[in-house]
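**Q** Structure file upload_30.pdb, PDB, C-alpha atoms, is pasted below:
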ATOM      1  CA  MET A   1      84.467 112.666 100.172  1.00  0.00           C
ATOM      2  CA  SER A   2      88.083 111.533 100.595  1.00  0.00           C
ATOM      3  CA  LEU A   3      89.403 110.597 104.015  1.00  0.00           C
ATOM      4  CA  LEU A   4      92.413 112.872 103.487  1.00  0.00           C
ATOM      5  CA  GLU A   5      92.691 115.674 100.947  1.00  0.00           C
ATOM      6  CA  LEU A   6      95.575 118.084 100.423  1.00  0.00           C
ATOM      7  CA  THR A   7      94.855 121.047  98.161  1.00  0.00           C
ATOM      8  CA  SER A   8      97.558 123.458  96.959  1.00  0.00           C
ATOM      9  CA  VAL A   9      99.681 122.894 100.073  1.00  0.00           C
ATOM     10  CA  GLU A  10     102.785 125.062 100.401  1.00  0.00           C
ATOM     11  CA  ALA A  11     105.247 124.583 103.257  1.00  0.00           C
ATOM     12  CA  GLY A  12     108.866 125.054 104.197  1.00  0.00           C
ATOM     13  CA  TYR A  13     111.396 125.903 106.863  1.00  0.00           C
ATOM     14  CA  GLY A  14     112.350 129.500 107.570  1.00  0.00           C
ATOM     15  CA  ALA A  15     113.130 131.243 104.300  1.00  0.00           C
ATOM     16  CA  SER A  16     113.319 127.929 102.423  1.00  0.00           C
ATOM     17  CA  GLN A  17     110.149 126.758 100.669  1.00  0.00           C
ATOM     18  CA  VAL A  18     109.891 123.001 100.105  1.00  0.00           C
ATOM     19  CA  LEU A  19     106.324 122.329  98.940  1.00  0.00           C
ATOM     20  CA  PHE A  20     104.823 124.260  96.038  1.00  0.00           C
ATOM     21  CA  GLY A  21     101.114 123.504  95.741  1.00  0.00           C
ATOM     22  CA  VAL A  22     100.868 119.801  96.601  1.00  0.00           C
ATOM     23  CA  ASP A  23      97.556 118.096  95.784  1.00  0.00           C
ATOM     24  CA  LEU A  24      96.951 114.598  97.156  1.00  0.00           C
ATOM     25  CA  PHE A  25      94.020 112.530  98.370  1.00  0.00           C
ATOM     26  CA  ILE A  26      93.436 109.192 100.072  1.00  0.00           C
ATOM     27  CA  ASP A  27      90.106 107.394 100.234  1.00  0.00           C
ATOM     28  CA  GLU A  28      88.959 105.203 103.107  1.00  0.00           C
ATOM     29  CA  GLY A  29      90.710 101.831 102.991  1.00  0.00           C
ATOM     30  CA  GLU A  30      93.303 102.877 100.407  1.00  0.00           C
ATOM     31  CA  VAL A  31      97.046 102.358 100.565  1.00  0.00           C
ATOM     32  CA  VAL A  32      98.789 105.221  98.776  1.00  0.00           C
ATOM     33  CA  THR A  33     102.500 105.908  98.335  1.00  0.00           C
ATOM     34  CA  LEU A  34     104.502 109.118  98.136  1.00  0.00           C
ATOM     35  CA  LEU A  35     107.692 108.536  96.175  1.00  0.00           C
ATOM     36  CA  GLY A  36     110.660 110.620  95.124  1.00  0.00           C
ATOM     37  CA  ARG A  37     114.365 111.158  95.582  1.00  0.00           C
ATOM     38  CA  ASN A  38     115.778 112.487  98.830  1.00  0.00           C
ATOM     39  CA  GLY A  39     115.034 116.138  99.469  1.00  0.00           C
ATOM     40  CA  MET A  40     112.038 116.338  97.146  1.00  0.00           C
ATOM     41  CA  GLY A  41     109.457 117.008  99.885  1.00  0.00           C
ATOM     42  CA  LYS A  42     108.172 113.623 101.039  1.00  0.00           C
ATOM     43  CA  SER A  43     108.818 114.009 104.763  1.00  0.00           C
ATOM     44  CA  THR A  44     107.772 117.660 104.644  1.00  0.00           C
ATOM     45  CA  THR A  45     104.406 116.542 103.257  1.00  0.00           C
ATOM     46  CA  VAL A  46     104.027 114.051 106.105  1.00  0.00           C
ATOM     47  CA  LYS A  47     104.886 116.760 108.640  1.00  0.00           C
ATOM     48  CA  ALA A  48     102.299 119.109 107.096  1.00  0.00           C
ATOM     49  CA  ILE A  49      99.645 116.393 107.418  1.00  0.00           C
ATOM     50  CA  SER A  50     100.532 115.365 110.972  1.00  0.00           C
ATOM     51  CA  GLY A  51     100.862 118.905 112.349  1.00  0.00           C
ATOM     52  CA  LEU A  52     104.617 118.858 112.867  1.00  0.00           C
ATOM     53  CA  LEU A  53     104.847 121.672 110.305  1.00  0.00           C
ATOM     54  CA  ARG A  54     102.253 124.379 109.695  1.00  0.00           C
ATOM     55  CA  PRO A  55     101.491 124.852 105.980  1.00  0.00           C
ATOM     56  CA  ARG A  56     102.008 128.367 104.679  1.00  0.00           C
ATOM     57  CA  ARG A  57      99.136 128.065 102.246  1.00  0.00           C
ATOM     58  CA  GLY A  58      96.607 125.511 101.126  1.00  0.00           C
ATOM     59  CA  SER A  59      94.247 123.085 102.798  1.00  0.00           C
ATOM     60  CA  VAL A  60      94.685 119.791 104.646  1.00  0.00           C
ATOM     61  CA  ARG A  61      91.302 118.211 105.240  1.00  0.00           C
ATOM     62  CA  PHE A  62      90.834 114.986 107.188  1.00  0.00           C
ATOM     63  CA  ASN A  63      87.437 113.322 107.394  1.00  0.00           C
ATOM     64  CA  GLY A  64      85.885 116.534 106.109  1.00  0.00           C
ATOM     65  CA  CYS A  65      87.538 118.842 108.665  1.00  0.00           C
ATOM     66  CA  GLU A  66      90.373 121.308 108.162  1.00  0.00           C
ATOM     67  CA  VAL A  67      93.397 120.216 110.211  1.00  0.00           C
ATOM     68  CA  ALA A  68      96.132 122.447 108.749  1.00  0.00           C
ATOM     69  CA  GLY A  69      97.756 124.285 111.630  1.00  0.00           C
ATOM     70  CA  MET A  70      96.272 122.090 114.365  1.00  0.00           C
ATOM     71  CA  ALA A  71      98.579 120.843 117.116  1.00  0.00           C
ATOM     72  CA  PRO A  72      99.996 117.362 116.416  1.00  0.00           C
ATOM     73  CA  GLU A  73      98.301 115.817 119.451  1.00  0.00           C
ATOM     74  CA  ARG A  74      94.912 117.115 118.302  1.00  0.00           C
ATOM     75  CA  ILE A  75      95.446 115.742 114.798  1.00  0.00           C
ATOM     76  CA  SER A  76      96.427 112.417 116.349  1.00  0.00           C
ATOM     77  CA  ARG A  77      93.240 112.367 118.429  1.00  0.00           C
ATOM     78  CA  ASN A  78      91.256 113.080 115.262  1.00  0.00           C
ATOM     79  CA  GLY A  79      92.527 109.817 113.800  1.00  0.00           C
ATOM     80  CA  ILE A  80      95.925 110.212 112.093  1.00  0.00           C
ATOM     81  CA  GLY A  81      98.714 107.956 113.348  1.00  0.00           C
ATOM     82  CA  LEU A  82     102.372 108.580 112.505  1.00  0.00           C
ATOM     83  CA  VAL A  83     105.289 106.186 112.153  1.00  0.00           C
ATOM     84  CA  PRO A  84     108.048 108.795 111.869  1.00  0.00           C
ATOM     85  CA  GLU A  85     111.290 108.546 109.966  1.00  0.00           C
ATOM     86  CA  GLY A  86     113.897 107.149 112.333  1.00  0.00           C
ATOM     87  CA  ARG A  87     111.215 105.235 114.350  1.00  0.00           C
ATOM     88  CA  ARG A  88     111.627 107.385 117.507  1.00  0.00           C
ATOM     89  CA  ILE A  89     110.542 104.756 119.979  1.00  0.00           C
ATOM     90  CA  PHE A  90     111.062 105.383 123.689  1.00  0.00           C
ATOM     91  CA  SER A  91     114.423 103.709 124.253  1.00  0.00           C
ATOM     92  CA  ASN A  92     114.135 103.905 128.064  1.00  0.00           C
ATOM     93  CA  LEU A  93     110.760 102.113 128.144  1.00  0.00           C
ATOM     94  CA  THR A  94     110.036  98.423 127.636  1.00  0.00           C
ATOM     95  CA  VAL A  95     108.404  97.138 124.473  1.00  0.00           C
ATOM     96  CA  TYR A  96     105.154  96.672 126.394  1.00  0.00           C
ATOM     97  CA  GLU A  97     105.294 100.201 127.808  1.00  0.00           C
ATOM     98  CA  ASN A  98     105.942 101.619 124.333  1.00  0.00           C
ATOM     99  CA  LEU A  99     102.918  99.771 122.984  1.00  0.00           C
ATOM    100  CA  VAL A 100     100.418 100.810 125.634  1.00  0.00           C
ATOM    101  CA  ALA A 101     101.625 104.405 126.120  1.00  0.00           C
ATOM    102  CA  PHE A 102      99.170 105.889 123.580  1.00  0.00           C
ATOM    103  CA  ALA A 103      96.852 102.935 122.941  1.00  0.00           C
ATOM    104  CA  ARG A 104      93.160 103.606 122.347  1.00  0.00           C
ATOM    105  CA  ARG A 105      90.237 101.237 122.136  1.00  0.00           C
ATOM    106  CA  GLY A 106      89.442  99.822 118.724  1.00  0.00           C
ATOM    107  CA  GLN A 107      90.043  96.897 116.387  1.00  0.00           C
ATOM    108  CA  TRP A 108      93.787  96.844 117.069  1.00  0.00           C
ATOM    109  CA  THR A 109      94.507  95.288 120.455  1.00  0.00           C
ATOM    110  CA  LEU A 110      97.707  94.167 122.126  1.00  0.00           C
ATOM    111  CA  GLN A 111      96.818  90.544 121.399  1.00  0.00           C
ATOM    112  CA  ARG A 112      96.374  91.275 117.676  1.00  0.00           C
ATOM    113  CA  ILE A 113      99.675  93.142 117.589  1.00  0.00           C
ATOM    114  CA  TYR A 114     101.460  90.176 119.152  1.00  0.00           C
ATOM    115  CA  LYS A 115      99.905  87.944 116.492  1.00  0.00           C
ATOM    116  CA  LEU A 116     101.045  90.321 113.745  1.00  0.00           C
ATOM    117  CA  PHE A 117     104.569  90.704 115.170  1.00  0.00           C
ATOM    118  CA  PRO A 118     105.253  87.668 117.427  1.00  0.00           C
ATOM    119  CA  VAL A 119     108.780  88.895 118.167  1.00  0.00           C
ATOM    120  CA  LEU A 120     107.322  91.824 120.111  1.00  0.00           C
ATOM    121  CA  GLU A 121     105.578  89.489 122.536  1.00  0.00           C
ATOM    122  CA  ARG A 122     108.821  87.586 123.056  1.00  0.00           C
ATOM    123  CA  ARG A 123     110.629  90.880 123.640  1.00  0.00           C
ATOM    124  CA  LYS A 124     107.898  92.661 125.612  1.00  0.00           C
ATOM    125  CA  ASP A 125     110.072  93.071 128.718  1.00  0.00           C
ATOM    126  CA  ASN A 126     113.119  94.315 126.808  1.00  0.00           C
ATOM    127  CA  MET A 127     113.974  98.002 126.766  1.00  0.00           C
ATOM    128  CA  GLY A 128     113.635  99.889 123.511  1.00  0.00           C
ATOM    129  CA  PHE A 129     117.377 100.367 123.154  1.00  0.00           C
ATOM    130  CA  GLN A 130     117.873  96.586 123.282  1.00  0.00           C
ATOM    131  CA  LEU A 131     115.939  96.024 120.044  1.00  0.00           C
ATOM    132  CA  SER A 132     117.407  95.651 116.568  1.00  0.00           C
ATOM    133  CA  GLY A 133     116.526  98.214 113.897  1.00  0.00           C
ATOM    134  CA  GLY A 134     113.934  95.882 112.421  1.00  0.00           C
ATOM    135  CA  GLU A 135     112.345  95.223 115.786  1.00  0.00           C
ATOM    136  CA  GLN A 136     112.243  98.953 116.477  1.00  0.00           C
ATOM    137  CA  GLN A 137     110.392  99.510 113.189  1.00  0.00           C
ATOM    138  CA  MET A 138     107.905  96.770 114.055  1.00  0.00           C
ATOM    139  CA  LEU A 139     107.403  98.453 117.427  1.00  0.00           C
ATOM    140  CA  ALA A 140     106.914 101.885 115.821  1.00  0.00           C
ATOM    141  CA  ILE A 141     104.295 100.517 113.417  1.00  0.00           C
ATOM    142  CA  SER A 142     102.553  98.602 116.203  1.00  0.00           C
ATOM    143  CA  ARG A 143     102.507 101.635 118.497  1.00  0.00           C
ATOM    144  CA  ALA A 144     100.776 103.645 115.769  1.00  0.00           C
ATOM    145  CA  LEU A 145      98.297 100.848 115.040  1.00  0.00           C
ATOM    146  CA  LEU A 146      97.323 100.689 118.707  1.00  0.00           C
ATOM    147  CA  THR A 147      96.161 104.300 118.553  1.00  0.00           C
ATOM    148  CA  ASN A 148      93.487 102.844 116.237  1.00  0.00           C
ATOM    149  CA  ALA A 149      93.925 105.728 113.839  1.00  0.00           C
ATOM    150  CA  ARG A 150      91.822 105.852 110.695  1.00  0.00           C
ATOM    151  CA  LEU A 151      94.897 106.869 108.663  1.00  0.00           C
ATOM    152  CA  LEU A 152      98.438 105.655 109.194  1.00  0.00           C
ATOM    153  CA  LEU A 153     101.409 107.691 107.906  1.00  0.00           C
ATOM    154  CA  ILE A 154     104.570 105.579 107.558  1.00  0.00           C
ATOM    155  CA  ASP A 155     107.665 107.634 106.734  1.00  0.00           C
ATOM    156  CA  GLU A 156     110.511 105.458 105.334  1.00  0.00           C
ATOM    157  CA  ALA A 157     108.875 102.112 106.048  1.00  0.00           C
ATOM    158  CA  THR A 158     111.971  99.912 105.556  1.00  0.00           C
ATOM    159  CA  GLU A 159     114.881 102.375 105.457  1.00  0.00           C
ATOM    160  CA  GLY A 160     118.164 100.796 106.579  1.00  0.00           C
ATOM    161  CA  LEU A 161     116.717  97.341 107.251  1.00  0.00           C
ATOM    162  CA  ALA A 162     118.157  94.000 106.159  1.00  0.00           C
ATOM    163  CA  PRO A 163     116.383  92.300 103.204  1.00  0.00           C
ATOM    164  CA  LEU A 164     114.754  89.587 105.330  1.00  0.00           C
ATOM    165  CA  ILE A 165     113.447  92.154 107.790  1.00  0.00           C
ATOM    166  CA  ARG A 166     112.125  94.304 104.929  1.00  0.00           C
ATOM    167  CA  GLN A 167     110.157  91.333 103.650  1.00  0.00           C
ATOM    168  CA  GLU A 168     108.680  90.812 107.115  1.00  0.00           C
ATOM    169  CA  ILE A 169     107.587  94.464 107.225  1.00  0.00           C
ATOM    170  CA  TRP A 170     105.995  94.176 103.767  1.00  0.00           C
ATOM    171  CA  ARG A 171     104.179  90.983 104.810  1.00  0.00           C
ATOM    172  CA  CYS A 172     102.744  92.672 107.862  1.00  0.00           C
ATOM    173  CA  LEU A 173     101.677  95.761 105.925  1.00  0.00           C
ATOM    174  CA  HIS A 174      99.757  93.493 103.552  1.00  0.00           C
ATOM    175  CA  GLU A 175      97.995  92.008 106.580  1.00  0.00           C
ATOM    176  CA  VAL A 176      97.193  95.481 107.874  1.00  0.00           C
ATOM    177  CA  LYS A 177      95.792  96.449 104.458  1.00  0.00           C
ATOM    178  CA  LYS A 178      93.445  93.442 104.563  1.00  0.00           C
ATOM    179  CA  GLU A 179      91.913  94.959 107.694  1.00  0.00           C
ATOM    180  CA  GLY A 180      90.854  98.009 105.686  1.00  0.00           C
ATOM    181  CA  GLN A 181      93.470 100.301 107.194  1.00  0.00           C
ATOM    182  CA  SER A 182      94.112 103.504 105.222  1.00  0.00           C
ATOM    183  CA  ILE A 183      97.846 104.116 104.809  1.00  0.00           C
ATOM    184  CA  LEU A 184     100.167 106.686 103.276  1.00  0.00           C
ATOM    185  CA  VAL A 185     103.588 105.078 102.956  1.00  0.00           C
ATOM    186  CA  ILE A 186     106.969 106.453 101.929  1.00  0.00           C
ATOM    187  CA  ASP A 187     109.671 104.062 100.788  1.00  0.00           C
ATOM    188  CA  LYS A 188     112.010 103.470  97.856  1.00  0.00           C
ATOM    189  CA  TYR A 189     111.347  99.825  96.961  1.00  0.00           C
ATOM    190  CA  VAL A 190     108.969 100.397  94.081  1.00  0.00           C
ATOM    191  CA  GLN A 191     108.176  96.783  93.230  1.00  0.00           C
ATOM    192  CA  ASN A 192     107.143  96.054  96.810  1.00  0.00           C
ATOM    193  CA  LEU A 193     105.012  99.192  96.817  1.00  0.00           C
ATOM    194  CA  ILE A 194     103.338  98.257  93.529  1.00  0.00           C
ATOM    195  CA  ASP A 195     102.320  94.964  95.122  1.00  0.00           C
ATOM    196  CA  LEU A 196     101.041  96.709  98.258  1.00  0.00           C
ATOM    197  CA  ALA A 197      99.510 100.037  97.237  1.00  0.00           C
ATOM    198  CA  ASP A 198      96.470 101.070  95.242  1.00  0.00           C
ATOM    199  CA  ARG A 199      97.822 104.396  93.957  1.00  0.00           C
ATOM    200  CA  HIS A 200     101.068 106.335  93.849  1.00  0.00           C
ATOM    201  CA  TYR A 201     102.265 109.931  93.884  1.00  0.00           C
ATOM    202  CA  PHE A 202     105.719 110.975  92.682  1.00  0.00           C
ATOM    203  CA  ILE A 203     107.018 114.249  94.060  1.00  0.00           C
ATOM    204  CA  GLU A 204     109.821 116.300  92.544  1.00  0.00           C
ATOM    205  CA  ASN A 205     111.068 119.644  93.827  1.00  0.00           C
ATOM    206  CA  GLY A 206     108.015 120.026  96.030  1.00  0.00           C
ATOM    207  CA  ARG A 207     105.454 119.388  93.278  1.00  0.00           C
ATOM    208  CA  ILE A 208     103.485 116.281  92.348  1.00  0.00           C
ATOM    209  CA  GLY A 209     104.891 115.213  88.999  1.00  0.00           C
ATOM    210  CA  TRP A 210     102.935 112.014  88.363  1.00  0.00           C
ATOM    211  CA  THR A 211     100.112 110.080  89.957  1.00  0.00           C
ATOM    212  CA  GLY A 212      98.447 106.839  88.963  1.00  0.00           C
ATOM    213  CA  SER A 213      97.483 103.301  89.899  1.00  0.00           C
ATOM    214  CA  SER A 214      99.776 100.356  90.544  1.00  0.00           C
ATOM    215  CA  ALA A 215      98.767  98.900  87.179  1.00  0.00           C
ATOM    216  CA  GLN A 216      99.720 102.119  85.395  1.00  0.00           C
ATOM    217  CA  LEU A 217     103.039 102.366  87.240  1.00  0.00           C
ATOM    218  CA  SER A 218     103.882  98.744  86.497  1.00  0.00           C
ATOM    219  CA  GLU A 219     103.291  99.348  82.790  1.00  0.00           C
ATOM    220  CA  HIS A 220     105.538 102.424  82.696  1.00  0.00           C
ATOM    221  CA  PRO A 221     108.926 101.707  84.333  1.00  0.00           C
ATOM    222  CA  GLU A 222     110.304 104.848  82.697  1.00  0.00           C
ATOM    223  CA  ILE A 223     108.463 106.762  85.421  1.00  0.00           C
ATOM    224  CA  TRP A 224     110.706 105.097  88.010  1.00  0.00           C
ATOM    225  CA  GLU A 225     113.782 106.239  86.089  1.00  0.00           C
ATOM    226  CA  ARG A 226     112.546 109.796  85.771  1.00  0.00           C
ATOM    227  CA  TYR A 227     111.598 110.381  89.389  1.00  0.00           C
ATOM    228  CA  LEU A 228     113.795 107.909  91.272  1.00  0.00           C
ATOM    229  CA  GLY A 229     116.751 107.324  88.982  1.00  0.00           C
ATOM    230  CA  VAL A 230     116.370 103.533  89.197  1.00  0.00           C
TER     231      VAL A 230
END
Turn this file's structure into structure tokens for me.

**A**
Amino acid sequence: MSLLELTSVEAGYGASQVLFGVDLFIDEGEVVTLLGRNGMGKSTTVKAISGLLRPRRGSVRFNGCEVAGMAPERISRNGIGLVPEGRRIFSNLTVYENLVAFARRGQWTLQRIYKLFPVLERRKDNMGFQLSGGEQQMLAISRALLTNARLLLIDEATEGLAPLIRQEIWRCLHEVKKEGQSILVIDKYVQNLIDLADRHYFIENGRIGWTGSSAQLSEHPEIWERYLGV
């Protein structure tokens, strides 16, 4: 049984349908990507999983239980952590307060987070709005890890970050993977994702167009051109 399984998921906004029968699964301990050009349905898929958007049809099963239509806070308690697009940290709270606001007991502790992202310990008394974009992304990832979720959803992992900061994020995600953390990650830097992830899904116009392993994707760069235009 997969940790997460989407079957024939359809979703949209008002009269506009975005997802047309999305099938996707993630096994325990896997890192899986969802790739595609802007507007193809990546963030809508994440919202359907996390409860921010109720699917119109189809099934979203997590750890064997149907979660489609559940409230986001209930899905979070069931073990899905979200790093949303745009980070959405609490700008009027300190770094420390952001980290402990939703923390739950488990393998990820504040001390382990500070070891993973030392800059957050140095900045623990700074307000959220005083952080750089890269530091805010580190904080958003750390906040989700401290919920000790079984599955982490990271929407636009390195969007808008400087190259050196992107590399730091990739390094830390590799460390998180070593801990057996299951992750669904959205980003556009395919080579970094090939190095990080086990499997990949490409979405186009709300449908999964291709799925395969990192080895398969590495051997077929024409797939990148078709679905990403790179």

**Q** Which residue gives the smallest distance to Val83 of chain A among A:Gln17, A:Ser59, A:Ser2, A:Ser142, with only C-alpha atoms counted?

**A** A:Ser142

**Q** So how far away is atom CA of Asp198 of chain A from atom CA of Arg77 of chain A, in Å?

**A**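 Calculated distance between atom CA of Arg77 of chain A and atom CA of Asp198 of chain A is 26.0 Å.
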
**Q** Can you pull out the residues contacting Asp155 of chain A? Cut-off 6 Å, using all atoms listed in the file, and skip same-chain residues under 2 positions away; I want them as a list in words.

**A** Pro84, Glu85, Ala157 and Ile186 of chain A

**Q** List every protein, DNA or RNA residue that has at least one atom no more than 8 Å from (97.3, 102.1, 90.4) in the file's coordinates, counting only C-alpha atoms, and write the result as a PDB file with C-alpha atoms, in the frame of the given file.

**A**
ATOM      1  CA  ILE A 194     103.338  98.257  93.529  1.00  0.00           C
ATOM      2  CA  ALA A 197      99.510 100.037  97.237  1.00  0.00           C
ATOM      3  CA  ASP A 198      96.470 101.070  95.242  1.00  0.00           C
ATOM      4  CA  ARG A 199      97.822 104.396  93.957  1.00  0.00           C
ATOM      5  CA  HIS A 200     101.068 106.335  93.849  1.00  0.00           C
ATOM      6  CA  GLY A 212      98.447 106.839  88.963  1.00  0.00           C
ATOM      7  CA  SER A 213      97.483 103.301  89.899  1.00  0.00           C
ATOM      8  CA  SER A 214      99.776 100.356  90.544  1.00  0.00           C
ATOM      9  CA  ALA A 215      98.767  98.900  87.179  1.00  0.00           C
ATOM     10  CA  GLN A 216      99.720 102.119  85.395  1.00  0.00           C
ATOM     11  CA  LEU A 217     103.039 102.366  87.240  1.00  0.00           C
TER      12      LEU A 217
END

**Q** Please, which residues in segment 129-176 of chain A fall within 12 Å of segment 122-125 of chain A when counting all atoms listed in the file, and what is the closest atom pair and distance in Å to one decimal for each, ordered by chain then residue number, as a tab-separated table?

**A**
residue	atom	partner	partner_atom	distance
A:Phe129	CA	A:Arg123	CA	11.7
A:Gln130	CA	A:Arg123	CA	9.2
A:Leu131	CA	A:Arg123	CA	8.2
A:Ser132	CA	A:Arg123	CA	10.9
A:Glu135	CA	A:Arg123	CA	9.1
A:Gln136	CA	A:Arg123	CA	10.9
A:Met138	CA	A:Arg123	CA	11.6
A:Leu139	CA	A:Lys124	CA	10.0

**Q** From the options A:Lys188, A:Lys178, A:Arg61, A:Arg143, which residue's atoms come nearest to Leu82 of chain A, counting only C-alpha atoms?

**A** A:Arg143

**Q** Which neighbours of Val60 of chain A fall inside 6 Å, counting only C-alpha atoms, when residues of the same chain fewer than 3 positions from it are skipped, and could you give them as a PDB file with C-alpha atoms, in the frame of the given file?

**A**
ATOM      1  CA  GLU A   5      92.691 115.674 100.947  1.00  0.00           C
ATOM      2  CA  LEU A   6      95.575 118.084 100.423  1.00  0.00           C
ATOM      3  CA  GLU A  66      90.373 121.308 108.162  1.00  0.00           C
ATOM      4  CA  VAL A  67      93.397 120.216 110.211  1.00  0.00           C
ATOM      5  CA  ALA A  68      96.132 122.447 108.749  1.00  0.00           C
TER       6      ALA A  68
END

**Q** Please determine, counting all atoms listed in the file, which residue among A:Gly209, A:Gly180, A:Pro221, A:Gly81 has the shortest atom-to-atom distance to Glu30 of chain A.

**A**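 Nearest to Glu30 of chain A: A:Gly180.
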
**Q** Using only C-alpha atoms, determine which residues lie at most 12 Å from Glu28 of chain A, disregarding the query and same-chain residues fewer than 5 positions distant; provide the list as a compact mmCIF listing (two decimals) with C-alpha atoms, keeping the file's coordinate frame.

**A**
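And here is the file that came out, result_13.txt:
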# COMPACT_ATOMS: atom_id res chain seq x y z
CA MET A 1 84.47 112.67 100.17
CA SER A 2 88.08 111.53 100.60
CA LEU A 3 89.40 110.60 104.02
CA LEU A 4 92.41 112.87 103.49
CA GLU A 5 92.69 115.67 100.95
CA PHE A 62 90.83 114.99 107.19
CA ASN A 63 87.44 113.32 107.39
CA ALA A 149 93.92 105.73 113.84
CA ARG A 150 91.82 105.85 110.70
CA LEU A 151 94.90 106.87 108.66
CA LEU A 152 98.44 105.66 109.19
CA LYS A 177 95.79 96.45 104.46
CA GLU A 179 91.91 94.96 107.69
CA GLY A 180 90.85 98.01 105.69
CA GLN A 181 93.47 100.30 107.19
CA SER A 182 94.11 103.50 105.22
CA ILE A 183 97.85 104.12 104.81
CA LEU A 184 100.17 106.69 103.28
CA ASP A 198 96.47 101.07 95.24

**Q** Compute the distance from (108.6, 110.5, 95.8) to each atom, counting all atoms listed in the file, keep the residues with any atom at most 9 Å away, and return them as a short mmCIF file (atom, residue, chain, number, x, y, z; two decimals) with C-alpha atoms, in the frame of the given file; use the coordinates of the file.

**A**
data_model
loop_
_atom_site.label_atom_id
_atom_site.label_comp_id
_atom_site.auth_asym_id
_atom_site.auth_seq_id
_atom_site.Cartn_x
_atom_site.Cartn_y
_atom_site.Cartn_z
CA THR A 33 102.50 105.91 98.34
CA LEU A 34 104.50 109.12 98.14
CA LEU A 35 107.69 108.54 96.18
CA GLY A 36 110.66 110.62 95.12
CA ARG A 37 114.36 111.16 95.58
CA ASN A 38 115.78 112.49 98.83
CA MET A 40 112.04 116.34 97.15
CA GLY A 41 109.46 117.01 99.88
CA LYS A 42 108.17 113.62 101.04
CA ILE A 186 106.97 106.45 101.93
CA ASP A 187 109.67 104.06 100.79
CA LYS A 188 112.01 103.47 97.86
CA HIS A 200 101.07 106.34 93.85
CA TYR A 201 102.26 109.93 93.88
CA PHE A 202 105.72 110.98 92.68
CA ILE A 203 107.02 114.25 94.06
CA GLU A 204 109.82 116.30 92.54
CA ILE A 208 103.48 116.28 92.35
CA TYR A 227 111.60 110.38 89.39
CA LEU A 228 113.80 107.91 91.27
#

**Q** Tell me which residues the PyMOL selection byres ((chain A and resi 100) around 10) grabs here, as a ChimeraX atom specification.

**A** /A:95-99,101-104,109-110,142-143,146-147

**Q** Taking only C-alpha atoms into account, which of A:Gln167, A:Asn205, A:Thr94, A:Asn192 comes nearest Glu10 of chain A?

**A** A:Asn205

**Q** Could you give me the centre and size, in Å to one decimal, of an axis-aligned box around all listed atoms of segment 136-143 of chain A with 8 Å added on every side, as AutoDock Vina command-line options?

**A**
--center_x 107.4 --center_y 99.3 --center_z 115.8 --size_x 25.7 --size_y 21.1 --size_z 21.3

**Q** Please determine, counting all atoms listed in the file, which residue among A:Val176, A:Val185, A:Ile75, A:Ala140 has the shortest atom-to-atom distance to Leu120 of chain A.

**A**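 Comparing A:Val176, A:Val185, A:Ile75, A:Ala140 against Leu120 of chain A, the winner is A:Ala140.
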
**Q** May I ask for the distance between atom CA of Ile89 of chain A and atom CA of Asp195 of chain A, given in Å to one decimal place?

**A** 28.0 Å

**Q** Between atom CA of Met70 of chain A and atom CA of Gly51 of chain A, measure the distance and give it in Å to one decimal.

**A**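 So the answer is 5.9 Å.
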
**Q** Calculated over all atoms listed in the file, which of the candidates A:Ser218, A:Thr211, A:Ser16, A:Thr7 has the smallest distance to Ile49 of chain A?

**A** A:Thr7

**Q** Selection in question (the file shown): the PyMOL selection byres ((chain A and resi 160) around 12). Which residues does it include, as a ChimeraX atom specification?

**A** /A:85-87,132-134,136-137,156-159,161-166,187-189

**Q** Since we have the selection now, will you write its residues out, keeping C-alpha atoms, as a PDB file, in the frame of the given file?

**A**
ATOM      1  CA  GLU A  85     111.290 108.546 109.966  1.00  0.00           C
ATOM      2  CA  GLY A  86     113.897 107.149 112.333  1.00  0.00           C
ATOM      3  CA  ARG A  87     111.215 105.235 114.350  1.00  0.00           C
ATOM      4  CA  SER A 132     117.407  95.651 116.568  1.00  0.00           C
ATOM      5  CA  GLY A 133     116.526  98.214 113.897  1.00  0.00           C
ATOM      6  CA  GLY A 134     113.934  95.882 112.421  1.00  0.00           C
ATOM      7  CA  GLN A 136     112.243  98.953 116.477  1.00  0.00           C
ATOM      8  CA  GLN A 137     110.392  99.510 113.189  1.00  0.00           C
ATOM      9  CA  GLU A 156     110.511 105.458 105.334  1.00  0.00           C
ATOM     10  CA  ALA A 157     108.875 102.112 106.048  1.00  0.00           C
ATOM     11  CA  THR A 158     111.971  99.912 105.556  1.00  0.00           C
ATOM     12  CA  GLU A 159     114.881 102.375 105.457  1.00  0.00           C
ATOM     13  CA  LEU A 161     116.717  97.341 107.251  1.00  0.00           C
ATOM     14  CA  ALA A 162     118.157  94.000 106.159  1.00  0.00           C
ATOM     15  CA  PRO A 163     116.383  92.300 103.204  1.00  0.00           C
ATOM     16  CA  LEU A 164     114.754  89.587 105.330  1.00  0.00           C
ATOM     17  CA  ILE A 165     113.447  92.154 107.790  1.00  0.00           C
ATOM     18  CA  ARG A 166     112.125  94.304 104.929  1.00  0.00           C
ATOM     19  CA  ASP A 187     109.671 104.062 100.788  1.00  0.00           C
ATOM     20  CA  LYS A 188     112.010 103.470  97.856  1.00  0.00           C
ATOM     21  CA  TYR A 189     111.347  99.825  96.961  1.00  0.00           C
TER      22      TYR A 189
END
